[in-house]
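This is coords.pdb (PDB, C-alpha atoms).
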ATOM      1  CA  MET A   1      -7.136  20.606  11.022  1.00  0.00           C
ATOM      2  CA  LYS A   2      -4.922  17.531  11.236  1.00  0.00           C
ATOM      3  CA  LYS A   3      -6.731  15.914   8.275  1.00  0.00           C
ATOM      4  CA  ILE A   4      -6.393  19.048   6.167  1.00  0.00           C
ATOM      5  CA  LEU A   5      -2.684  19.281   6.975  1.00  0.00           C
ATOM      6  CA  ASP A   6      -2.154  15.600   6.154  1.00  0.00           C
ATOM      7  CA  PHE A   7      -3.956  16.057   2.823  1.00  0.00           C
ATOM      8  CA  LEU A   8      -1.917  19.132   1.875  1.00  0.00           C
ATOM      9  CA  ILE A   9       1.339  17.339   2.673  1.00  0.00           C
ATOM     10  CA  GLU A  10       0.338  14.465   0.385  1.00  0.00           C
ATOM     11  CA  VAL A  11      -0.787  16.774  -2.446  1.00  0.00           C
ATOM     12  CA  GLY A  12       2.447  18.752  -2.025  1.00  0.00           C
ATOM     13  CA  LYS A  13       4.267  15.780  -3.549  1.00  0.00           C
ATOM     14  CA  LEU A  14       2.928  16.922  -6.938  1.00  0.00           C
ATOM     15  CA  LYS A  15       5.311  19.887  -6.780  1.00  0.00           C
ATOM     16  CA  GLY A  16       8.129  17.479  -7.555  1.00  0.00           C
ATOM     17  CA  ARG A  17       6.248  15.079  -9.857  1.00  0.00           C
ATOM     18  CA  GLU A  18       7.581  15.630 -13.387  1.00  0.00           C
ATOM     19  CA  ARG A  19       5.033  15.127 -16.142  1.00  0.00           C
ATOM     20  CA  ARG A  20       5.593  11.866 -18.000  1.00  0.00           C
ATOM     21  CA  GLY A  21       4.852  13.328 -21.440  1.00  0.00           C
ATOM     22  CA  TRP A  22       7.865  15.619 -21.197  1.00  0.00           C
ATOM     23  CA  LEU A  23      10.028  12.866 -19.718  1.00  0.00           C
ATOM     24  CA  ILE A  24       9.239  10.875 -22.878  1.00  0.00           C
ATOM     25  CA  HIS A  25      10.210  13.829 -25.085  1.00  0.00           C
ATOM     26  CA  ASN A  26      13.482  14.096 -23.121  1.00  0.00           C
ATOM     27  CA  ILE A  27      12.842  17.731 -22.161  1.00  0.00           C
ATOM     28  CA  PRO A  28      15.278  19.270 -19.649  1.00  0.00           C
ATOM     29  CA  GLU A  29      13.814  21.132 -16.657  1.00  0.00           C
ATOM     30  CA  LYS A  30      10.381  19.566 -17.109  1.00  0.00           C
ATOM     31  CA  GLU A  31       7.197  21.010 -15.648  1.00  0.00           C
ATOM     32  CA  THR A  32       5.570  19.245 -12.721  1.00  0.00           C
ATOM     33  CA  THR A  33       1.964  18.220 -12.235  1.00  0.00           C
ATOM     34  CA  ALA A  34       1.529  21.062  -9.741  1.00  0.00           C
ATOM     35  CA  SER A  35       2.892  23.715 -12.121  1.00  0.00           C
ATOM     36  CA  HIS A  36       0.611  22.435 -14.891  1.00  0.00           C
ATOM     37  CA  SER A  37      -2.428  22.680 -12.609  1.00  0.00           C
ATOM     38  CA  PHE A  38      -1.464  26.190 -11.507  1.00  0.00           C
ATOM     39  CA  ARG A  39      -1.366  27.603 -15.028  1.00  0.00           C
ATOM     40  CA  LEU A  40      -4.443  25.626 -16.029  1.00  0.00           C
ATOM     41  CA  ALA A  41      -6.354  27.358 -13.209  1.00  0.00           C
ATOM     42  CA  LEU A  42      -5.329  30.764 -14.587  1.00  0.00           C
ATOM     43  CA  LEU A  43      -6.208  29.683 -18.127  1.00  0.00           C
ATOM     44  CA  VAL A  44      -9.734  28.532 -17.224  1.00  0.00           C
ATOM     45  CA  TRP A  45     -10.335  31.645 -15.127  1.00  0.00           C
ATOM     46  CA  LEU A  46      -9.454  33.998 -17.979  1.00  0.00           C
ATOM     47  CA  LEU A  47     -11.062  32.064 -20.831  1.00  0.00           C
ATOM     48  CA  ALA A  48     -14.214  31.242 -18.844  1.00  0.00           C
ATOM     49  CA  LYS A  49     -14.754  34.964 -18.308  1.00  0.00           C
ATOM     50  CA  LYS A  50     -14.336  35.502 -22.045  1.00  0.00           C
ATOM     51  CA  LYS A  51     -16.738  32.679 -22.917  1.00  0.00           C
ATOM     52  CA  GLY A  52     -19.357  33.557 -20.317  1.00  0.00           C
ATOM     53  CA  LYS A  53     -22.239  31.436 -18.944  1.00  0.00           C
ATOM     54  CA  LEU A  54     -19.894  29.276 -16.868  1.00  0.00           C
ATOM     55  CA  ASN A  55     -19.575  28.847 -13.111  1.00  0.00           C
ATOM     56  CA  ILE A  56     -16.067  30.251 -12.637  1.00  0.00           C
ATOM     57  CA  GLU A  57     -15.720  28.953  -9.083  1.00  0.00           C
ATOM     58  CA  LYS A  58     -16.483  25.452 -10.310  1.00  0.00           C
ATOM     59  CA  VAL A  59     -14.048  25.532 -13.258  1.00  0.00           C
ATOM     60  CA  LEU A  60     -11.303  26.880 -10.999  1.00  0.00           C
ATOM     61  CA  LYS A  61     -11.825  24.083  -8.470  1.00  0.00           C
ATOM     62  CA  MET A  62     -11.848  21.456 -11.232  1.00  0.00           C
ATOM     63  CA  ALA A  63      -8.607  22.807 -12.674  1.00  0.00           C
ATOM     64  CA  LEU A  64      -6.909  22.691  -9.279  1.00  0.00           C
ATOM     65  CA  ILE A  65      -7.927  19.110  -8.425  1.00  0.00           C
ATOM     66  CA  HIS A  66      -8.140  17.401 -11.841  1.00  0.00           C
ATOM     67  CA  ASP A  67      -4.729  15.697 -11.474  1.00  0.00           C
ATOM     68  CA  ILE A  68      -4.473  15.219  -7.708  1.00  0.00           C
ATOM     69  CA  CYS A  69      -4.879  11.452  -8.124  1.00  0.00           C
ATOM     70  CA  GLU A  70      -1.361  11.456  -9.617  1.00  0.00           C
ATOM     71  CA  VAL A  71       0.012  11.555  -6.095  1.00  0.00           C
ATOM     72  CA  TYR A  72      -0.363   7.765  -6.235  1.00  0.00           C
ATOM     73  CA  THR A  73      -0.421   6.992  -9.967  1.00  0.00           C
ATOM     74  CA  TRP A  74       1.301   8.106 -13.163  1.00  0.00           C
ATOM     75  CA  ASP A  75      -0.051  10.565 -15.709  1.00  0.00           C
ATOM     76  CA  GLU A  76      -0.885   8.706 -18.883  1.00  0.00           C
ATOM     77  CA  THR A  77       0.265  10.054 -22.253  1.00  0.00           C
ATOM     78  CA  PRO A  78      -1.468   9.666 -25.641  1.00  0.00           C
ATOM     79  CA  TYR A  79       1.205   7.099 -26.615  1.00  0.00           C
ATOM     80  CA  ASP A  80       0.690   4.660 -23.736  1.00  0.00           C
ATOM     81  CA  PRO A  81       0.816   1.660 -23.685  1.00  0.00           C
ATOM     82  CA  LEU A  82       3.175   1.677 -26.707  1.00  0.00           C
ATOM     83  CA  ILE A  83       5.852   3.621 -24.846  1.00  0.00           C
ATOM     84  CA  PRO A  84       8.063   1.600 -22.442  1.00  0.00           C
ATOM     85  CA  ARG A  85       7.676   2.525 -18.787  1.00  0.00           C
ATOM     86  CA  ASP A  86      11.439   3.055 -18.595  1.00  0.00           C
ATOM     87  CA  VAL A  87      11.990   6.512 -20.149  1.00  0.00           C
ATOM     88  CA  LYS A  88      15.696   5.748 -20.565  1.00  0.00           C
ATOM     89  CA  LYS A  89      14.910   3.449 -23.508  1.00  0.00           C
ATOM     90  CA  ARG A  90      15.322   6.319 -25.928  1.00  0.00           C
ATOM     91  CA  ASP A  91      15.537   4.277 -29.168  1.00  0.00           C
ATOM     92  CA  GLU A  92      12.202   2.562 -28.554  1.00  0.00           C
ATOM     93  CA  ILE A  93      10.560   5.818 -27.513  1.00  0.00           C
ATOM     94  CA  GLU A  94      11.836   7.794 -30.500  1.00  0.00           C
ATOM     95  CA  LYS A  95      10.457   5.181 -32.919  1.00  0.00           C
ATOM     96  CA  VAL A  96       6.982   5.541 -31.414  1.00  0.00           C
ATOM     97  CA  LEU A  97       7.132   9.342 -31.381  1.00  0.00           C
ATOM     98  CA  ASP A  98       8.280   9.491 -35.006  1.00  0.00           C
ATOM     99  CA  LYS A  99       5.200   7.517 -36.069  1.00  0.00           C
ATOM    100  CA  TRP A 100       2.804   9.297 -33.666  1.00  0.00           C
ATOM    101  CA  PRO A 101       0.460   6.284 -33.590  1.00  0.00           C
ATOM    102  CA  THR A 102      -3.299   6.607 -33.441  1.00  0.00           C
ATOM    103  CA  PHE A 103      -5.645   4.183 -31.740  1.00  0.00           C
ATOM    104  CA  SER A 104      -8.975   2.806 -32.904  1.00  0.00           C
ATOM    105  CA  MET A 105     -12.111   3.978 -31.123  1.00  0.00           C
ATOM    106  CA  GLU A 106     -12.361   0.590 -29.416  1.00  0.00           C
ATOM    107  CA  ASP A 107      -8.773   0.850 -28.163  1.00  0.00           C
ATOM    108  CA  LYS A 108      -9.383   4.407 -26.948  1.00  0.00           C
ATOM    109  CA  LYS A 109     -12.401   3.259 -24.941  1.00  0.00           C
ATOM    110  CA  TRP A 110     -10.379   0.390 -23.451  1.00  0.00           C
ATOM    111  CA  LYS A 111      -7.526   2.747 -22.553  1.00  0.00           C
ATOM    112  CA  GLY A 112      -9.993   5.228 -21.089  1.00  0.00           C
ATOM    113  CA  LYS A 113     -11.624   2.629 -18.837  1.00  0.00           C
ATOM    114  CA  LYS A 114      -8.272   1.378 -17.552  1.00  0.00           C
ATOM    115  CA  LYS A 115      -7.055   4.921 -16.912  1.00  0.00           C
ATOM    116  CA  PHE A 116     -10.267   5.894 -15.119  1.00  0.00           C
ATOM    117  CA  ALA A 117     -10.217   2.812 -12.865  1.00  0.00           C
ATOM    118  CA  ARG A 118      -6.576   3.366 -11.925  1.00  0.00           C
ATOM    119  CA  GLU A 119      -7.013   7.081 -11.225  1.00  0.00           C
ATOM    120  CA  TYR A 120     -10.305   6.684  -9.354  1.00  0.00           C
ATOM    121  CA  LYS A 121      -8.700   4.167  -7.016  1.00  0.00           C
ATOM    122  CA  SER A 122      -5.857   6.614  -6.346  1.00  0.00           C
ATOM    123  CA  LEU A 123      -8.344   9.439  -5.804  1.00  0.00           C
ATOM    124  CA  GLN A 124     -10.245   7.406  -3.193  1.00  0.00           C
ATOM    125  CA  LYS A 125      -7.032   6.700  -1.319  1.00  0.00           C
ATOM    126  CA  LEU A 126      -6.106  10.390  -1.279  1.00  0.00           C
ATOM    127  CA  LEU A 127      -9.562  11.727  -0.404  1.00  0.00           C
ATOM    128  CA  ALA A 128      -9.848   9.309   2.524  1.00  0.00           C
ATOM    129  CA  ILE A 129      -7.485  11.670   4.347  1.00  0.00           C
ATOM    130  CA  LEU A 130      -9.963  14.581   4.162  1.00  0.00           C
ATOM    131  CA  PRO A 131     -13.041  15.321   6.272  1.00  0.00           C
ATOM    132  CA  LYS A 132     -16.231  13.713   4.845  1.00  0.00           C
ATOM    133  CA  GLU A 133     -17.731  16.955   3.536  1.00  0.00           C
ATOM    134  CA  SER A 134     -14.625  17.804   1.533  1.00  0.00           C
ATOM    135  CA  GLN A 135     -14.377  14.224   0.258  1.00  0.00           C
ATOM    136  CA  ARG A 136     -17.837  14.505  -1.338  1.00  0.00           C
ATOM    137  CA  GLU A 137     -17.111  17.866  -2.974  1.00  0.00           C
ATOM    138  CA  PHE A 138     -13.726  16.823  -4.363  1.00  0.00           C
ATOM    139  CA  GLN A 139     -15.074  13.547  -5.725  1.00  0.00           C
ATOM    140  CA  MET A 140     -18.102  15.221  -7.334  1.00  0.00           C
ATOM    141  CA  LEU A 141     -15.937  17.817  -9.098  1.00  0.00           C
ATOM    142  CA  TRP A 142     -13.349  15.249 -10.207  1.00  0.00           C
ATOM    143  CA  LEU A 143     -16.026  12.977 -11.681  1.00  0.00           C
ATOM    144  CA  GLU A 144     -17.701  15.923 -13.381  1.00  0.00           C
ATOM    145  CA  PHE A 145     -14.387  16.764 -15.024  1.00  0.00           C
ATOM    146  CA  GLU A 146     -13.546  13.184 -15.980  1.00  0.00           C
ATOM    147  CA  GLN A 147     -16.950  12.376 -17.411  1.00  0.00           C
ATOM    148  CA  GLY A 148     -17.530  15.754 -19.050  1.00  0.00           C
ATOM    149  CA  LYS A 149     -21.221  15.685 -18.189  1.00  0.00           C
ATOM    150  CA  SER A 150     -21.492  19.424 -17.489  1.00  0.00           C
ATOM    151  CA  LYS A 151     -20.508  22.439 -19.574  1.00  0.00           C
ATOM    152  CA  GLU A 152     -17.911  23.280 -16.917  1.00  0.00           C
ATOM    153  CA  GLY A 153     -16.453  19.756 -17.055  1.00  0.00           C
ATOM    154  CA  ARG A 154     -16.231  19.812 -20.842  1.00  0.00           C
ATOM    155  CA  PHE A 155     -14.669  23.279 -20.761  1.00  0.00           C
ATOM    156  CA  VAL A 156     -11.939  22.296 -18.296  1.00  0.00           C
ATOM    157  CA  ARG A 157     -11.207  19.099 -20.239  1.00  0.00           C
ATOM    158  CA  GLN A 158     -10.425  21.164 -23.336  1.00  0.00           C
ATOM    159  CA  ALA A 159      -8.505  23.722 -21.264  1.00  0.00           C
ATOM    160  CA  ASP A 160      -6.377  20.898 -19.826  1.00  0.00           C
ATOM    161  CA  LYS A 161      -5.339  19.932 -23.362  1.00  0.00           C
ATOM    162  CA  MET A 162      -4.777  23.568 -24.291  1.00  0.00           C
ATOM    163  CA  GLU A 163      -2.396  24.148 -21.395  1.00  0.00           C
ATOM    164  CA  SER A 164      -0.439  21.068 -22.485  1.00  0.00           C
ATOM    165  CA  TYR A 165      -0.398  22.329 -26.073  1.00  0.00           C
ATOM    166  CA  LEU A 166       0.906  25.727 -24.955  1.00  0.00           C
ATOM    167  CA  GLN A 167       3.614  24.049 -22.869  1.00  0.00           C
ATOM    168  CA  GLY A 168       4.574  21.876 -25.823  1.00  0.00           C
ATOM    169  CA  MET A 169       4.925  24.940 -28.059  1.00  0.00           C
ATOM    170  CA  GLU A 170       7.123  26.625 -25.472  1.00  0.00           C
ATOM    171  CA  TYR A 171       9.351  23.549 -25.384  1.00  0.00           C
ATOM    172  CA  TRP A 172       9.353  23.395 -29.210  1.00  0.00           C
ATOM    173  CA  LYS A 173      10.585  26.970 -29.342  1.00  0.00           C
ATOM    174  CA  LYS A 174      13.237  26.423 -26.658  1.00  0.00           C
ATOM    175  CA  TYR A 175      14.501  22.905 -27.416  1.00  0.00           C
ATOM    176  CA  GLY A 176      13.084  21.892 -30.814  1.00  0.00           C
ATOM    177  CA  LYS A 177      12.331  18.381 -29.511  1.00  0.00           C
ATOM    178  CA  ILE A 178       8.564  18.375 -30.038  1.00  0.00           C
ATOM    179  CA  ARG A 179       7.210  16.889 -33.306  1.00  0.00           C
ATOM    180  CA  TYR A 180       5.423  20.066 -34.238  1.00  0.00           C
ATOM    181  CA  LYS A 181       3.476  18.753 -37.263  1.00  0.00           C
ATOM    182  CA  PHE A 182       1.983  15.906 -35.261  1.00  0.00           C
ATOM    183  CA  TRP A 183       1.381  18.224 -32.315  1.00  0.00           C
ATOM    184  CA  ALA A 184      -0.545  20.660 -34.546  1.00  0.00           C
ATOM    185  CA  ARG A 185      -2.604  17.842 -36.078  1.00  0.00           C
ATOM    186  CA  TRP A 186      -3.540  16.612 -32.613  1.00  0.00           C
ATOM    187  CA  ALA A 187      -4.644  20.130 -31.648  1.00  0.00           C
ATOM    188  CA  LYS A 188      -6.992  20.425 -34.625  1.00  0.00           C
ATOM    189  CA  GLU A 189      -8.669  17.165 -33.624  1.00  0.00           C
ATOM    190  CA  ILE A 190      -9.083  18.147 -29.961  1.00  0.00           C
ATOM    191  CA  PHE A 191     -10.328  21.738 -29.856  1.00  0.00           C
ATOM    192  CA  HIS A 192     -13.837  22.598 -31.002  1.00  0.00           C
ATOM    193  CA  ASP A 193     -15.015  25.309 -28.586  1.00  0.00           C
ATOM    194  CA  SER A 194     -14.771  28.722 -30.302  1.00  0.00           C
ATOM    195  CA  VAL A 195     -12.874  30.331 -27.409  1.00  0.00           C
ATOM    196  CA  PHE A 196     -10.171  27.636 -27.584  1.00  0.00           C
ATOM    197  CA  ILE A 197      -9.956  27.828 -31.381  1.00  0.00           C
ATOM    198  CA  GLU A 198      -9.378  31.574 -31.086  1.00  0.00           C
ATOM    199  CA  PHE A 199      -6.728  31.039 -28.406  1.00  0.00           C
ATOM    200  CA  LEU A 200      -5.110  28.283 -30.486  1.00  0.00           C
ATOM    201  CA  ARG A 201      -4.681  30.676 -33.417  1.00  0.00           C
ATOM    202  CA  GLU A 202      -2.988  33.159 -31.107  1.00  0.00           C
ATOM    203  CA  VAL A 203      -0.606  30.508 -29.744  1.00  0.00           C
ATOM    204  CA  ASP A 204       0.313  29.241 -33.220  1.00  0.00           C
ATOM    205  CA  GLU A 205       0.885  32.726 -34.580  1.00  0.00           C
ATOM    206  CA  ARG A 206       3.077  33.661 -31.634  1.00  0.00           C
ATOM    207  CA  PHE A 207       5.295  30.591 -31.632  1.00  0.00           C
ATOM    208  CA  GLN A 208       5.473  29.848 -35.357  1.00  0.00           C
ATOM    209  CA  ASN A 209       6.587  33.402 -36.061  1.00  0.00           C
ATOM    210  CA  ARG A 210       9.181  33.340 -33.308  1.00  0.00           C
ATOM    211  CA  ARG A 211      10.466  29.970 -34.431  1.00  0.00           C
ATOM    212  CA  THR A 212      10.823  31.190 -38.025  1.00  0.00           C
ATOM    213  CA  GLN A 213      12.575  34.374 -36.944  1.00  0.00           C
ATOM    214  CA  LYS A 214      14.974  32.394 -34.777  1.00  0.00           C
ATOM    215  CA  LYS A 215      16.044  30.246 -37.745  1.00  0.00           C
ATOM    216  CA  LYS A 216      16.698  33.196 -40.066  1.00  0.00           C
ATOM    217  CA  ARG A 217      20.331  34.203 -40.391  1.00  0.00           C
ATOM    218  CA  PRO A 218      21.105  37.910 -40.114  1.00  0.00           C
ATOM    219  CA  VAL A 219      21.847  39.558 -43.459  1.00  0.00           C
ATOM    220  CA  LYS A 220      25.339  41.059 -43.519  1.00  0.00           C
ATOM    221  CA  PRO A 221      25.517  44.636 -44.815  1.00  0.00           C
ATOM    222  CA  LEU A 222      27.421  45.097 -48.088  1.00  0.00           C
ATOM    223  CA  SER A 223      30.890  46.473 -47.743  1.00  0.00           C
ATOM    224  CA  SER A 224      31.966  49.495 -49.751  1.00  0.00           C
ATOM    225  CA  LYS A 225      34.180  47.172 -51.871  1.00  0.00           C
ATOM    226  CA  SER A 226      31.224  44.911 -52.712  1.00  0.00           C
ATOM    227  CA  VAL A 227      29.186  47.922 -53.776  1.00  0.00           C
ATOM    228  CA  ARG A 228      31.957  49.165 -56.081  1.00  0.00           C
ATOM    229  CA  LYS A 229      32.369  45.693 -57.624  1.00  0.00           C
ATOM    230  CA  ALA A 230      28.655  45.422 -58.299  1.00  0.00           C
TER     231      ALA A 230
END
As structure tokens:
Amino acid sequence: MKKILDFLIEVGKLKGRERRGWLIHNIPEKETTASHSFRLALLVWLLAKKKGKLNIEKVLKMALIHDICEVYTWDETPYDPLIPRDVKKRDEIEKVLDKWPTFSMEDKKWKGKKKFAREYKSLQKLLAILPKESQREFQMLWLEFEQGKSKEGRFVRQADKMESYLQGMEYWKKYGKIRYKFWARWAKEIFHDSVFIEFLREVDERFQNRRTQKKKRPVKPLSSKSVRKA
């Protein structure tokens, strides 16, 4: 029990770990890694049932542990390494966000290898706290997610992006700080599973309509004098 308690105390640090992507966008009251994982678990549960032919227990476990390595490392954004580590350098950050840079396939592979090595090292450090049996299960599920070698792993990888997209749309509606056009373009490139495309349409319809309605000014009723003049 001591090992389990020690592990849970370490993982509990993610409750206060603000997600770097929203720090970069200068969002107030940012979500944490733990809150992201919580809603992702609900998302995969519901959409996996809709899709069918998936091991729901496995996708739920993947969703819950996919970011636990961030106890000891940072969560990388699509803009790294162009963004300065110091999120207070707003001028430099805004210039990068305004351009929304894309990387070549070679650069993406290089970034992916560096990210994997860093996160795997952090995962090993964290899992060393657990009993051996749990270490093997956690590592197997994490690798399956990272490498996308199973239908469950590929599903949760897309769901992870979808939860981030949904959060970004919520922030766009509330604060207007997200570059929506770039965000939407990114979404079209990422999602290819039919269940996520259907969900994406629902998200866009919900938030685009609300955003438009929010911008509209109320029409003032004509006064009796205006009617007589007309």
For this session: Using all atoms listed in the file, determine which residues lie at most 10 Å from A:Phe138, disregarding the query and same-chain residues fewer than 4 positions distant; provide the list as a PyMOL selection string.
Result: chain A and resi 61-62+65-66+68+123+127+130+133-134+142-144
Problem set entry | Target residues per the PyMOL selection byres ((chain A and resi 33-41) around 9), formatted as an MDAnalysis selection string | chainID A and resid 11:19 31:32 42:46 59:68 70 75 156 159:160 162:164 167
Let me see the file: selected residues, C-alpha atoms, as an mmCIF file, in the frame of the given file.
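Final output, saved to selection.cif:
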data_model
loop_
_atom_site.group_PDB
_atom_site.id
_atom_site.type_symbol
_atom_site.label_atom_id
_atom_site.label_comp_id
_atom_site.auth_asym_id
_atom_site.auth_seq_id
_atom_site.Cartn_x
_atom_site.Cartn_y
_atom_site.Cartn_z
ATOM 1 C CA VAL A 11 -0.787 16.774 -2.446
ATOM 2 C CA GLY A 12 2.447 18.752 -2.025
ATOM 3 C CA LYS A 13 4.267 15.780 -3.549
ATOM 4 C CA LEU A 14 2.928 16.922 -6.938
ATOM 5 C CA LYS A 15 5.311 19.887 -6.780
ATOM 6 C CA GLY A 16 8.129 17.479 -7.555
ATOM 7 C CA ARG A 17 6.248 15.079 -9.857
ATOM 8 C CA GLU A 18 7.581 15.630 -13.387
ATOM 9 C CA ARG A 19 5.033 15.127 -16.142
ATOM 10 C CA GLU A 31 7.197 21.010 -15.648
ATOM 11 C CA THR A 32 5.570 19.245 -12.721
ATOM 12 C CA LEU A 42 -5.329 30.764 -14.587
ATOM 13 C CA LEU A 43 -6.208 29.683 -18.127
ATOM 14 C CA VAL A 44 -9.734 28.532 -17.224
ATOM 15 C CA TRP A 45 -10.335 31.645 -15.127
ATOM 16 C CA LEU A 46 -9.454 33.998 -17.979
ATOM 17 C CA VAL A 59 -14.048 25.532 -13.258
ATOM 18 C CA LEU A 60 -11.303 26.880 -10.999
ATOM 19 C CA LYS A 61 -11.825 24.083 -8.470
ATOM 20 C CA MET A 62 -11.848 21.456 -11.232
ATOM 21 C CA ALA A 63 -8.607 22.807 -12.674
ATOM 22 C CA LEU A 64 -6.909 22.691 -9.279
ATOM 23 C CA ILE A 65 -7.927 19.110 -8.425
ATOM 24 C CA HIS A 66 -8.140 17.401 -11.841
ATOM 25 C CA ASP A 67 -4.729 15.697 -11.474
ATOM 26 C CA ILE A 68 -4.473 15.219 -7.708
ATOM 27 C CA GLU A 70 -1.361 11.456 -9.617
ATOM 28 C CA ASP A 75 -0.051 10.565 -15.709
ATOM 29 C CA VAL A 156 -11.939 22.296 -18.296
ATOM 30 C CA ALA A 159 -8.505 23.722 -21.264
ATOM 31 C CA ASP A 160 -6.377 20.898 -19.826
ATOM 32 C CA MET A 162 -4.777 23.568 -24.291
ATOM 33 C CA GLU A 163 -2.396 24.148 -21.395
ATOM 34 C CA SER A 164 -0.439 21.068 -22.485
ATOM 35 C CA GLN A 167 3.614 24.049 -22.869
#
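Between A:Gly153 and the candidates A:Ala117, A:Ile129, A:Leu54, A:Leu200, the tightest atom-to-atom separation, counting only C-alpha atoms, involves A:Leu54.
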Problem set entry | Residue with smallest distance to A:Ile27 - pool A:Leu141, A:Val195, A:Ala128, A:Val87, counting all atoms listed in the file | A:Val87
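For the pair atom CA of A:Ser104 and atom CA of A:Asn26, the separation is 27.0 Å.
With atom CA of A:Lys181 on one side and atom CA of A:Arg157 on the other, the separation reads 22.5 Å.
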Seminar exercise, completed: A straight line from atom CA of A:Trp100 to atom CA of A:Trp172 spans 16.2 Å
Tell me, as a compact mmCIF listing (two decimals) with C-alpha atoms, in the frame of the given file, which residues lie within 12 Å of A:Lys88, counting all atoms listed in the file; anything in the same chain fewer than 4 positions away does not count.
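So part.txt came out as:
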# COMPACT_ATOMS: atom_id res chain seq x y z
CA LEU A 23 10.03 12.87 -19.72
CA ILE A 24 9.24 10.88 -22.88
CA HIS A 25 10.21 13.83 -25.08
CA ASN A 26 13.48 14.10 -23.12
CA ILE A 83 5.85 3.62 -24.85
CA PRO A 84 8.06 1.60 -22.44
CA GLU A 92 12.20 2.56 -28.55
CA ILE A 93 10.56 5.82 -27.51
CA GLU A 94 11.84 7.79 -30.50
Which neighbours of A:Tyr79 fall inside 9 Å, counting only C-alpha atoms, when residues of the same chain fewer than 3 positions from it are skipped, and could you give them as an mmCIF file with C-alpha atoms, keeping the file's coordinate frame?
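The file below, selection27.cif, is the result:
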data_model
loop_
_atom_site.group_PDB
_atom_site.id
_atom_site.type_symbol
_atom_site.label_atom_id
_atom_site.label_comp_id
_atom_site.auth_asym_id
_atom_site.auth_seq_id
_atom_site.Cartn_x
_atom_site.Cartn_y
_atom_site.Cartn_z
ATOM 1 C CA GLY A 21 4.852 13.328 -21.440
ATOM 2 C CA GLU A 76 -0.885 8.706 -18.883
ATOM 3 C CA LEU A 82 3.175 1.677 -26.707
ATOM 4 C CA ILE A 83 5.852 3.621 -24.846
ATOM 5 C CA VAL A 96 6.982 5.541 -31.414
ATOM 6 C CA LEU A 97 7.132 9.342 -31.381
ATOM 7 C CA TRP A 100 2.804 9.297 -33.666
ATOM 8 C CA PRO A 101 0.460 6.284 -33.590
ATOM 9 C CA THR A 102 -3.299 6.607 -33.441
#
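Closest approach to A:Glu152 from the set A:Glu205, A:Ala187, A:Tyr175, A:Lys53 is made by A:Lys53, with distances taken over only C-alpha atoms.
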Problem set entry | Test item: the PyMOL selection byres ((chain A and resi 180) around 12) resolved as an MDAnalysis selection string | chainID A and resid 97:98 100 165:166 168:173 175:179 181:187 204 207:208 211
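In terms of minimum interatomic distance to A:Lys115, A:Thr73 ranks closest within A:Ser150, A:Thr73, A:Asn209, A:Gln139, counting all atoms listed in the file.
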For this session: Considering all atoms listed in the file, return as an MDAnalysis selection string whatever protein or nucleic-acid residues lie within 12 Å of A:Gly112, sequence-local ones (same chain, fewer than 5 positions apart) excluded.
Result: chainID A and resid 76:78 80:81 103 105:107 117:120 146:147
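Take the candidates A:Arg136, A:Arg20, A:Lys111, A:Lys89 and check each one against A:Trp74 using only C-alpha atoms; the shortest distance goes to A:Arg20.
With distances restricted to only C-alpha atoms, A:Met140 is the closest residue to A:Lys58 from A:Met1, A:Met140, A:Leu126, A:Val71.
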